[in-house]
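Q: I am attaching a structure below and will ask some questions about it afterwards.
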Amino acid sequence: MGYPHQPHPRETPVLSKYFGDAGAKTYEGWVQRGGYKALEKALSMDRQKIIEEVKESGLRGRGGAGFPAGLKWSFMPKEKARPHYLCCNADESEPGTFKDREIMRWTPHAMIEGCAITAHAIQAEITYIYIRGEFTEPIAIVEQALAEAYDNGVLGANAMGTGNRIDMYIHRGAGAYICGEETALMSSIEGRRGNPRIKPPFPAARGLFGMPTTINNVETLAAVPHIINEGASWYKSFCLSNPKSTGTKLLSVCGQVRKPGNYEVVMGFPLKDLLYDLCGGMREGRTLKACIPGGSSVPILNREESEACLLDYEGCVESGTMLGSGGVIVFDDSADMVYQIMRLAHFYAHESCAQCTQCREGTAWMTRILRRMLAGDGEMKDLDLLLDLSEHMTGRTICPLCDSCAAPVVSGVNKFRDEFEAYIGRSKSAAVMAV
Amino acid sequence: MREQELVTLTIEGTSVSVPKGTTILEAAKQAGIVIPHYCYHPSLPVAGVCRMCLVEVEGMPNLQIGCATTVADGQTVRVYSDQALKARESVLEFLLINHPLDCPICDQAGECELQNYVFREGRARTRYTPTYSKRFDPVEDFGPDILYVPNRCILCTRCVRFMEHVADEELINVSERGDRAFIGIHPDRQLDHAWAGNVVDLCPVGSLLSKDFLHKARAWEVDKTASICTGCSQGCNVTVETRSNAVVRLRPRVNLEVNRYFMCDHGRLRYRWLNRGDRIEAPLLRDGQDLTATDWDRALARVAQIISGSGGKAVALVSAGASTEALFLAKEVLSGFDVTGACKVERVEGEQPLPGVEGLALRDERAPNATGARLLGFGEDFDGALAALNEASVVLVLDQALEGPEAENLSSAQNVIYLGTVAGDAVRAADVVLPVANAVEEDGTFVNRDYRVQRYFQAKAAPGMARPAWWVLGECLVELDRGESLTQAADAFALLARDVRAFSDLTYDRLGYGGARVAQQSPAEVSA
């Protein structure tokens, strides 16, 4: 328990290899551990070759959407007519996710190196690292690491002595969930309200400050140096199930398991093994009731589905959910699913940016219905209403926040209907005021 | 101009061809379909936030918003498919859960886009059962003429985008998040931009209200008439709203060549003079020290007697707010004289532009027809004209107020024919006083600073026996045997077009509601 834990034998520590190793935080320590070799190599490589290598590796976005990273980079204009930007998304605002935090805490230079390689590949002179404001410790560490990287000539106007300009700035978020959404993040960096923007235009065409921009998650970027060092085929070999999902994935397990924490496994790893083996299973006398495998925004799995789910992009979809950011939230049989789902809906209602009607009003409405249910005033027709509202809140808005609110509600109502009905069936006087 | 590439698509079974890059919402307008929308406004950057204009586009998995989706060749768009209708119905339901539904006391009722679309596509009953409370925030005073009623707000952000992108002064924003969001204002500032009043027009619901119009009239009680703002020489197209023969509100009328969708607060709020009660209601004739009310026949006969009995020099003091027709006919009436004519144009320091619209500003020249007067030969040497009064055998005053010393000058003049709406100091020196209609009581034209001739229409009845100045002057010509009775402003304009080259190819039909530029102006001059 606690962190850092000794890697479980079934883990594959690539990104987490130096978690807990305080020496890896410093520039010297990082170089001793083989750091910045990949950057040196990449700076001498043809840009197109880097992008091809990453494409070939099958690396996909670790922030949630799972979009192929190399493909995303290839959307950037080949001829640089205007400034290009790279944004490193270290907002990590998805509830249940805490992997980027650990990358920044223990291996900040891995992130910086990944950013530098990517910036070089997409011809970005400036990289913004958008870190959520609550991450005070990681921010301090990354600031320190950046200063060291500058002092040692890794970054700056003459990065690694190659004459390339690679500058990096930290932008601290102010605590809005939505700023983890890529276009909202860019609005936030621009000094505007963190509102998602309509796509198209996509960031590669009109992103930060209206310029071509690529935005990647910390974990995605931290994997890039390994791909450059070891090659695409090495990375691609990390695959237990569907060949479209390659590499290792950091999974942040939280909730009612014996050993919550970050676990790095190969894509396609069974969720069942993660929970029962790596995490030590449920608490004494408890059984698994439900699991959200990809951060709070994805549909909830019941016990049977969880035990059959393979943790990669396709496997999760097959199980009716998504891999998302890899925040595994575990509920045992003591969990009150109605309350948990209300908490999730409440979170989204609180964090809705207020742009799209469905999201602004719908998330709050759902929360009220669920609260009323918990208070013992629910009616059977409320369940149908929740499902109907969910239908109108899915796929209709600028960004997926609204869908993210609907997903746990729909899956919750469908899979744990008896718990909802129990609340509705209770007489008002006997109702436990859970809220 | 380069030939624009056209894209052909089918919207609800109607095939339309529109330039590449057009949005579905704009293309649908060409098919005669207005896709319901709130946040979209043609003058503002697309926000795509209200999600009201969701339509079904064949081949796309999700519904698309018409305002932000550009057309593609061969596309099939369905506005009224079950899926699209259901989606819009749900948006309306969401919009209404926090909306107070206080339509009976809301100024916007009757012209409210929320009300309209709910009646058209909304649910009969809400499922937001009454045990839930609605958001409540108190009414806020935003500025000199703007109130914000947050409870009615649907957060379409048109006002925010107007202030940011068109007025270029970011005084308001969206504050808070989720369903607690509201339009916030800079804590130390007021919404007092010279063009701020447009946010009231842009607001699709009754959230931003004009204090001036507050509870003054219901939308369905007012009559609307196309007109031209008299506030300055920009010539913004406006709609005059009247109730019980009184102007209650001015609002901008779309003219993409002049004011697009906007008008300034100066013009918007400067309408009370049109409702003045102290009007001259009957022709007056001098009888010794007194002015005595008479009828038109006698008054016109007296004018003819004065004109035909005099010769030599004449002075015309005209208003730069008189119609082009009246200015022309005033010249005609005095055609046998050596005329010194001038108008007085009020000028203030500093124009107040609307940065987002090129060529649109509250102009320092504060008269609607100064250009028309100039085209007809009325200069601005008003003092020179006053100095010439002594030598004049006839003086014609056309609705030009003369005060204090100016009126004193007039008292020494002889044969003063005064056409006016109100009896100013100048009336004391007049031999004949002829009551005329003001700018909303007659048809006519103004020429704006860009040489655009624009028609305005009669919005209310003139008081008593007052008549349009062009009619009065036309009757003077009849009395002088120099013309036939003019029955409508178009006849007066036809005479003008016949005799004045600049207007030669214009007719009222050609001018229509949008106006047209006078001939003989080189483009450089026109745009100057």
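Chains: A, B, ... in order of the structure tokens. Residues: from 1 per chain. Ligands: from 1, in order shown.
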So which residues touch stretch 210-221 of chain A within 7 Å, counting only C-alpha atoms, skipping near sequence neighbours fewer than 4 positions away, as a count of residues only?
A: 23
Q: Output the contact residues of chain A with respect to chain B at a cut-off of 7 Å, based on only C-alpha atoms, as an MDAnalysis selection string.
A: chainID A and resid 198 349:358 360:362 364 392 395:397
Q: Determine the nearest neighbour of B:Glu241 from the options B:Arg510, B:Ser310, B:Gln458, B:Tyr418, counting only C-alpha atoms.
A: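 Answer, going by the shortest atom-to-atom distance: B:Gln458.
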Q: Any chance you could list, as number ranges by chain, the residues in stretch 205-414 of chain B that come up alpha helix (DSSP H) when DSSP is run on the backbone?
A: B: 265-269, 296-308, 324-333, 370-375, 382-387, 405-411
Q: Show me, as JSON, numbers by chain, the residues that have an atom within 6 Å of stretch 38-43 of chain A when counting only C-alpha atoms, minus same-chain residues fewer than 3 positions from it.
A: {"A": [117, 225, 228, 229]}
Q: Filtering to N, CA and C atoms, could you give me those residues as a short mmCIF file (atom, residue, chain, number, x, y, z; two decimals), in the first residue's frame?
A:
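Result written to again-v6.cif:
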data_model
loop_
_atom_site.label_atom_id
_atom_site.label_comp_id
_atom_site.auth_asym_id
_atom_site.auth_seq_id
_atom_site.Cartn_x
_atom_site.Cartn_y
_atom_site.Cartn_z
N ILE A 117 11.03 16.17 -28.14
CA ILE A 117 11.07 15.36 -29.38
C ILE A 117 9.85 15.70 -30.25
N PRO A 225 10.01 9.12 -26.00
CA PRO A 225 11.45 8.83 -25.98
C PRO A 225 11.75 7.33 -26.06
N ILE A 228 11.54 6.27 -29.61
CA ILE A 228 12.71 6.72 -30.38
C ILE A 228 13.93 5.87 -30.05
N ASN A 229 14.10 5.58 -28.77
CA ASN A 229 15.26 4.79 -28.35
C ASN A 229 15.19 3.35 -28.82
#
Q: Got a sec: who's within 8 Å of stretch 11-27 of chain A, counting only C-alpha atoms, leaving out chain neighbours fewer than 2 positions off, as an NGL selection string?
A: :A and (3-5 or 7-9 or 29-31 or 33 or 102-103 or 105-109 or 141 or 145 or 148-149 or 219 or 222-223 or 248 or 250 or 263-266)
Q: Using the selection just defined, write its residues with C-alpha atoms as a PDB file, in the first residue's frame.
A:
ATOM      1  CA  TYR A   3       3.203   4.868  -3.079  1.00  0.00           C
ATOM      2  CA  PRO A   4       5.619   4.036  -4.558  1.00  0.00           C
ATOM      3  CA  HIS A   5       4.960   0.352  -4.346  1.00  0.00           C
ATOM      4  CA  PRO A   7       6.271  -3.216  -9.074  1.00  0.00           C
ATOM      5  CA  HIS A   8       4.183  -6.314  -9.233  1.00  0.00           C
ATOM      6  CA  PRO A   9       5.863  -9.064 -11.280  1.00  0.00           C
ATOM      7  CA  GLY A  29      20.183  11.447 -12.465  1.00  0.00           C
ATOM      8  CA  TRP A  30      18.043  11.338 -15.581  1.00  0.00           C
ATOM      9  CA  VAL A  31      21.059  11.372 -17.878  1.00  0.00           C
ATOM     10  CA  ARG A  33      19.546   6.580 -16.392  1.00  0.00           C
ATOM     11  CA  GLU A 102       3.284  10.535 -10.855  1.00  0.00           C
ATOM     12  CA  ILE A 103       5.110  10.946 -14.154  1.00  0.00           C
ATOM     13  CA  ARG A 105       6.606  13.865  -9.680  1.00  0.00           C
ATOM     14  CA  TRP A 106       9.193  11.177 -10.396  1.00  0.00           C
ATOM     15  CA  THR A 107      10.283  11.551 -13.982  1.00  0.00           C
ATOM     16  CA  PRO A 108       9.710  15.163 -15.036  1.00  0.00           C
ATOM     17  CA  HIS A 109      12.529  14.901 -17.527  1.00  0.00           C
ATOM     18  CA  ILE A 141       9.248  19.613  -9.609  1.00  0.00           C
ATOM     19  CA  ALA A 145      13.432  20.167 -14.047  1.00  0.00           C
ATOM     20  CA  GLU A 148      17.865  22.272 -15.142  1.00  0.00           C
ATOM     21  CA  ALA A 149      17.064  21.443 -18.746  1.00  0.00           C
ATOM     22  CA  GLU A 219       1.656   9.914 -20.675  1.00  0.00           C
ATOM     23  CA  ALA A 222       6.480  10.447 -21.989  1.00  0.00           C
ATOM     24  CA  ALA A 223       6.241   7.292 -24.100  1.00  0.00           C
ATOM     25  CA  THR A 248       2.050   0.011 -21.897  1.00  0.00           C
ATOM     26  CA  LEU A 250      -0.559   3.384 -16.621  1.00  0.00           C
ATOM     27  CA  TYR A 263      -0.024   0.055 -12.233  1.00  0.00           C
ATOM     28  CA  GLU A 264       1.667  -0.126 -15.572  1.00  0.00           C
ATOM     29  CA  VAL A 265       0.564  -3.007 -17.707  1.00  0.00           C
ATOM     30  CA  VAL A 266       0.718  -4.011 -21.322  1.00  0.00           C
TER      31      VAL A 266
END
Q: Give the answer as one residue: which of B:Leu327, B:Leu473, B:Ala27, B:Ala342 has the shortest atom-to-atom distance to B:Val315, using only C-alpha atoms?
A: B:Ala342
Q: Taking the DSSP assignment computed from this structure's backbone, write out as a PyMOL selection string all residues of stretch 31-262 of chain A that belong to strand (DSSP E).
A: chain A and resi 84-90+124-131+156-159+164-172+213-217+248-255+261-262
Q: Restricted to N, CA and C atoms, what would the selected residues look like written as a compact mmCIF listing (two decimals), in the first residue's frame?
A:
# COMPACT_ATOMS: atom_id res chain seq x y z
N HIS A 84 4.18 27.16 -34.99
CA HIS A 84 3.51 25.94 -34.55
C HIS A 84 3.66 25.84 -33.04
N TYR A 85 2.65 25.26 -32.41
CA TYR A 85 2.73 25.09 -30.96
C TYR A 85 2.50 23.64 -30.58
N LEU A 86 3.13 23.26 -29.47
CA LEU A 86 2.81 21.98 -28.85
C LEU A 86 2.24 22.28 -27.47
N CYS A 87 1.14 21.61 -27.14
CA CYS A 87 0.61 21.72 -25.79
C CYS A 87 0.72 20.37 -25.13
N CYS A 88 1.27 20.37 -23.93
CA CYS A 88 1.31 19.14 -23.16
C CYS A 88 0.19 19.22 -22.14
N ASN A 89 -0.74 18.31 -22.27
CA ASN A 89 -1.91 18.34 -21.40
C ASN A 89 -1.61 17.62 -20.08
N ALA A 90 -1.27 18.42 -19.08
CA ALA A 90 -1.00 17.87 -17.75
C ALA A 90 -2.07 18.35 -16.78
N ALA A 124 7.49 22.83 -33.69
CA ALA A 124 6.99 23.82 -32.73
C ALA A 124 8.17 24.38 -31.95
N GLU A 125 8.27 25.67 -31.91
CA GLU A 125 9.36 26.27 -31.14
C GLU A 125 8.96 26.43 -29.68
N ILE A 126 7.66 26.52 -29.47
CA ILE A 126 7.20 26.74 -28.10
C ILE A 126 6.26 25.62 -27.67
N THR A 127 6.50 25.12 -26.48
CA THR A 127 5.62 24.12 -25.89
C THR A 127 5.03 24.69 -24.61
N TYR A 128 3.74 24.56 -24.47
CA TYR A 128 3.11 24.94 -23.21
C TYR A 128 2.74 23.68 -22.45
N ILE A 129 3.21 23.61 -21.22
CA ILE A 129 2.84 22.49 -20.37
C ILE A 129 1.74 23.00 -19.45
N TYR A 130 0.54 22.51 -19.68
CA TYR A 130 -0.62 23.00 -18.92
C TYR A 130 -0.86 22.07 -17.73
N ILE A 131 -0.46 22.53 -16.56
CA ILE A 131 -0.58 21.69 -15.36
C ILE A 131 -1.70 22.23 -14.49
N GLY A 156 15.94 25.74 -25.06
CA GLY A 156 16.37 27.10 -25.31
C GLY A 156 16.56 27.35 -26.79
N ALA A 157 17.23 28.46 -27.09
CA ALA A 157 17.37 28.88 -28.48
C ALA A 157 18.26 27.92 -29.27
N ASN A 158 19.10 27.22 -28.54
CA ASN A 158 20.04 26.31 -29.21
C ASN A 158 19.95 24.96 -28.51
N ALA A 159 18.82 24.31 -28.68
CA ALA A 159 18.56 23.09 -27.92
C ALA A 159 19.55 22.00 -28.28
N ASN A 164 18.36 24.38 -33.01
CA ASN A 164 16.89 24.40 -32.98
C ASN A 164 16.42 25.12 -31.72
N ARG A 165 15.36 25.88 -31.88
CA ARG A 165 14.78 26.53 -30.71
C ARG A 165 13.68 25.64 -30.14
N ILE A 166 13.83 25.25 -28.89
CA ILE A 166 12.77 24.52 -28.19
C ILE A 166 12.57 25.19 -26.83
N ASP A 167 11.49 25.94 -26.72
CA ASP A 167 11.20 26.61 -25.45
C ASP A 167 9.98 25.96 -24.82
N MET A 168 9.98 25.92 -23.50
CA MET A 168 8.83 25.35 -22.80
C MET A 168 8.40 26.27 -21.68
N TYR A 169 7.10 26.42 -21.57
CA TYR A 169 6.54 27.22 -20.49
C TYR A 169 5.50 26.41 -19.75
N ILE A 170 5.45 26.63 -18.46
CA ILE A 170 4.40 26.01 -17.66
C ILE A 170 3.22 26.97 -17.58
N HIS A 171 2.05 26.47 -17.83
CA HIS A 171 0.85 27.28 -17.59
C HIS A 171 0.05 26.56 -16.52
N ARG A 172 -0.23 27.24 -15.44
CA ARG A 172 -0.99 26.62 -14.36
C ARG A 172 -2.47 26.80 -14.59
N THR A 213 -1.49 23.65 -34.02
CA THR A 213 -1.13 23.19 -32.68
C THR A 213 -1.38 21.70 -32.56
N THR A 214 -0.47 21.06 -31.84
CA THR A 214 -0.70 19.66 -31.47
C THR A 214 -0.79 19.61 -29.97
N ILE A 215 -1.73 18.82 -29.50
CA ILE A 215 -1.87 18.69 -28.05
C ILE A 215 -1.89 17.22 -27.70
N ASN A 216 -1.02 16.85 -26.73
CA ASN A 216 -0.93 15.46 -26.30
C ASN A 216 -0.90 15.39 -24.78
N ASN A 217 -1.32 14.25 -24.31
CA ASN A 217 -1.31 13.99 -22.88
C ASN A 217 0.12 13.70 -22.39
N THR A 248 2.48 0.22 -23.28
CA THR A 248 2.05 0.01 -21.90
C THR A 248 1.09 1.13 -21.52
N LYS A 249 0.30 0.85 -20.50
CA LYS A 249 -0.67 1.86 -20.04
C LYS A 249 -0.58 1.95 -18.53
N LEU A 250 -0.50 3.18 -18.06
CA LEU A 250 -0.56 3.38 -16.62
C LEU A 250 -2.03 3.41 -16.21
N LEU A 251 -2.35 2.58 -15.24
CA LEU A 251 -3.73 2.55 -14.76
C LEU A 251 -3.75 3.03 -13.32
N SER A 252 -4.57 4.01 -13.05
CA SER A 252 -4.68 4.53 -11.69
C SER A 252 -5.89 3.86 -11.05
N VAL A 253 -5.62 2.98 -10.14
CA VAL A 253 -6.72 2.25 -9.52
C VAL A 253 -7.08 2.93 -8.19
N CYS A 254 -8.35 3.24 -8.04
CA CYS A 254 -8.79 3.80 -6.78
C CYS A 254 -10.10 3.16 -6.37
N GLY A 255 -10.47 3.38 -5.15
CA GLY A 255 -11.73 2.82 -4.70
C GLY A 255 -11.52 1.65 -3.77
N GLY A 261 -3.57 2.26 -6.50
CA GLY A 261 -2.33 2.88 -6.92
C GLY A 261 -2.17 2.83 -8.42
N ASN A 262 -1.00 3.24 -8.86
CA ASN A 262 -0.72 3.21 -10.30
C ASN A 262 -0.07 1.88 -10.67
Q: Any idea what's packed within 12 Å of stretch 377-384 of chain B, counting only C-alpha atoms, ignoring anything in its chain fewer than 3 positions away? Could you give it as a PDB file with C-alpha atoms, in the first residue's frame?
A:
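Now in selection35.pdb:
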ATOM      1  CA  VAL B 315     -33.456  84.090 -48.666  1.00  0.00           C
ATOM      2  CA  ALA B 316     -34.181  80.458 -47.906  1.00  0.00           C
ATOM      3  CA  LEU B 317     -33.338  79.185 -44.447  1.00  0.00           C
ATOM      4  CA  VAL B 318     -33.833  75.443 -44.629  1.00  0.00           C
ATOM      5  CA  SER B 319     -33.413  72.515 -42.329  1.00  0.00           C
ATOM      6  CA  ALA B 320     -30.930  69.752 -43.012  1.00  0.00           C
ATOM      7  CA  ALA B 322     -36.171  68.326 -44.274  1.00  0.00           C
ATOM      8  CA  THR B 324     -35.020  66.019 -50.257  1.00  0.00           C
ATOM      9  CA  LEU B 327     -35.750  71.059 -50.237  1.00  0.00           C
ATOM     10  CA  PHE B 328     -36.098  70.748 -53.984  1.00  0.00           C
ATOM     11  CA  ALA B 330     -38.486  75.119 -51.806  1.00  0.00           C
ATOM     12  CA  LYS B 331     -35.978  75.988 -54.475  1.00  0.00           C
ATOM     13  CA  VAL B 339     -31.793  83.157 -53.771  1.00  0.00           C
ATOM     14  CA  THR B 340     -29.379  83.021 -50.898  1.00  0.00           C
ATOM     15  CA  GLY B 341     -30.049  79.641 -49.342  1.00  0.00           C
ATOM     16  CA  ALA B 342     -28.437  77.987 -46.389  1.00  0.00           C
ATOM     17  CA  CYS B 343     -29.044  75.289 -43.867  1.00  0.00           C
ATOM     18  CA  LYS B 344     -27.734  74.973 -40.363  1.00  0.00           C
ATOM     19  CA  VAL B 345     -26.055  71.660 -39.533  1.00  0.00           C
ATOM     20  CA  GLU B 346     -25.287  70.806 -35.965  1.00  0.00           C
ATOM     21  CA  ARG B 347     -21.802  69.423 -35.568  1.00  0.00           C
ATOM     22  CA  ASN B 369     -30.159  65.243 -44.938  1.00  0.00           C
ATOM     23  CA  ALA B 370     -27.188  67.611 -44.917  1.00  0.00           C
ATOM     24  CA  THR B 371     -25.899  65.887 -48.046  1.00  0.00           C
ATOM     25  CA  GLY B 372     -29.275  66.245 -49.764  1.00  0.00           C
ATOM     26  CA  ALA B 373     -29.299  69.951 -48.944  1.00  0.00           C
ATOM     27  CA  ARG B 374     -25.789  70.326 -50.321  1.00  0.00           C
ATOM     28  CA  ALA B 387     -27.044  88.905 -43.133  1.00  0.00           C
ATOM     29  CA  ALA B 388     -28.840  88.868 -46.475  1.00  0.00           C
ATOM     30  CA  LEU B 389     -32.243  88.989 -44.787  1.00  0.00           C
ATOM     31  CA  ASN B 390     -32.428  92.777 -44.878  1.00  0.00           C
ATOM     32  CA  GLU B 391     -32.201  92.940 -48.638  1.00  0.00           C
ATOM     33  CA  LEU B 398     -38.314  75.517 -44.065  1.00  0.00           C
ATOM     34  CA  GLN B 400     -35.473  75.553 -39.443  1.00  0.00           C
ATOM     35  CA  LEU B 402     -34.288  80.133 -35.332  1.00  0.00           C
ATOM     36  CA  PRO B 405     -30.544  86.715 -32.182  1.00  0.00           C
ATOM     37  CA  GLU B 406     -31.295  84.736 -35.337  1.00  0.00           C
ATOM     38  CA  ASN B 409     -32.624  89.199 -37.603  1.00  0.00           C
ATOM     39  CA  LEU B 410     -35.759  87.795 -39.069  1.00  0.00           C
ATOM     40  CA  VAL B 500     -31.690  67.501 -60.859  1.00  0.00           C
ATOM     41  CA  ALA B 502     -27.751  63.674 -59.626  1.00  0.00           C
TER      42      ALA B 502
END
Q: Could you please determine the separation between atom CA of A:Lys289 and atom CA of A:Asp273 in Å, to one decimal place?
A: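 It comes out at 15.5 Å.
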Q: Tell me, as number ranges by chain, which residues lie within 10 Å of A:Val330, counting only C-alpha atoms; anything in the same chain fewer than 5 positions away does not count.
A: A: 96, 253-257, 260, 275, 282, 288-293, 300-301, 306, 335
Q: I need the chosen residues saved as a compact mmCIF listing (two decimals), in the first residue's frame, with C-alpha atoms.
A:
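After the write, part-v9.txt holds the following:
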# COMPACT_ATOMS: atom_id res chain seq x y z
CA GLY A 96 -10.05 8.74 -10.70
CA VAL A 253 -6.72 2.25 -9.52
CA CYS A 254 -8.79 3.80 -6.78
CA GLY A 255 -11.73 2.82 -4.70
CA GLN A 256 -12.54 -0.24 -2.71
CA VAL A 257 -9.59 -2.53 -3.46
CA PRO A 260 -5.02 1.08 -4.96
CA LEU A 275 -8.12 -5.98 -9.65
CA MET A 282 -11.48 -6.74 -2.65
CA LEU A 288 -16.75 -6.56 -6.61
CA LYS A 289 -19.92 -4.77 -7.58
CA ALA A 290 -18.90 -2.37 -10.30
CA CYS A 291 -15.95 -0.78 -11.96
CA ILE A 292 -15.37 2.30 -14.10
CA PRO A 293 -12.24 1.47 -16.05
CA ILE A 300 -19.89 1.74 -15.58
CA LEU A 301 -19.26 -2.00 -15.80
CA SER A 306 -15.50 -6.08 -15.37
CA ALA A 335 -21.25 0.89 -2.53
Q: Counting only C-alpha atoms, what is within 10 Å of B:Asp290, bar same-chain residues fewer than 4 positions away, as a PyMOL selection string?
A: chain B and resi 284-286+428+431
Q: May I ask which of the residues B:Asp188, B:Asp509, B:Asp201, B:Asp425 is the closest one to B:Cys159, counting only C-alpha atoms?
A: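 Ranked by minimum distance to B:Cys159, first place goes to B:Asp201.
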Q: Counting only C-alpha atoms, which of A:Gln32, A:Glu391, A:Val224, A:Leu401 gets nearest to B:Gln83?
A: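 Of A:Gln32, A:Glu391, A:Val224, A:Leu401, the one nearest B:Gln83, counting only C-alpha atoms, is A:Glu391.
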Q: Between atom CA of B:Glu403 and atom CA of B:Glu349, what is the spacing in Å?
A: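 Atom CA of B:Glu349 sits 22.1 Å away from atom CA of B:Glu403.
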Q: Grab the atom CA of B:Asn198 to atom CA of B:Ala217 distance for me, in Å with one decimal place.
A: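 Straight-line distance from atom CA of B:Asn198 to atom CA of B:Ala217 works out to 18.8 Å.
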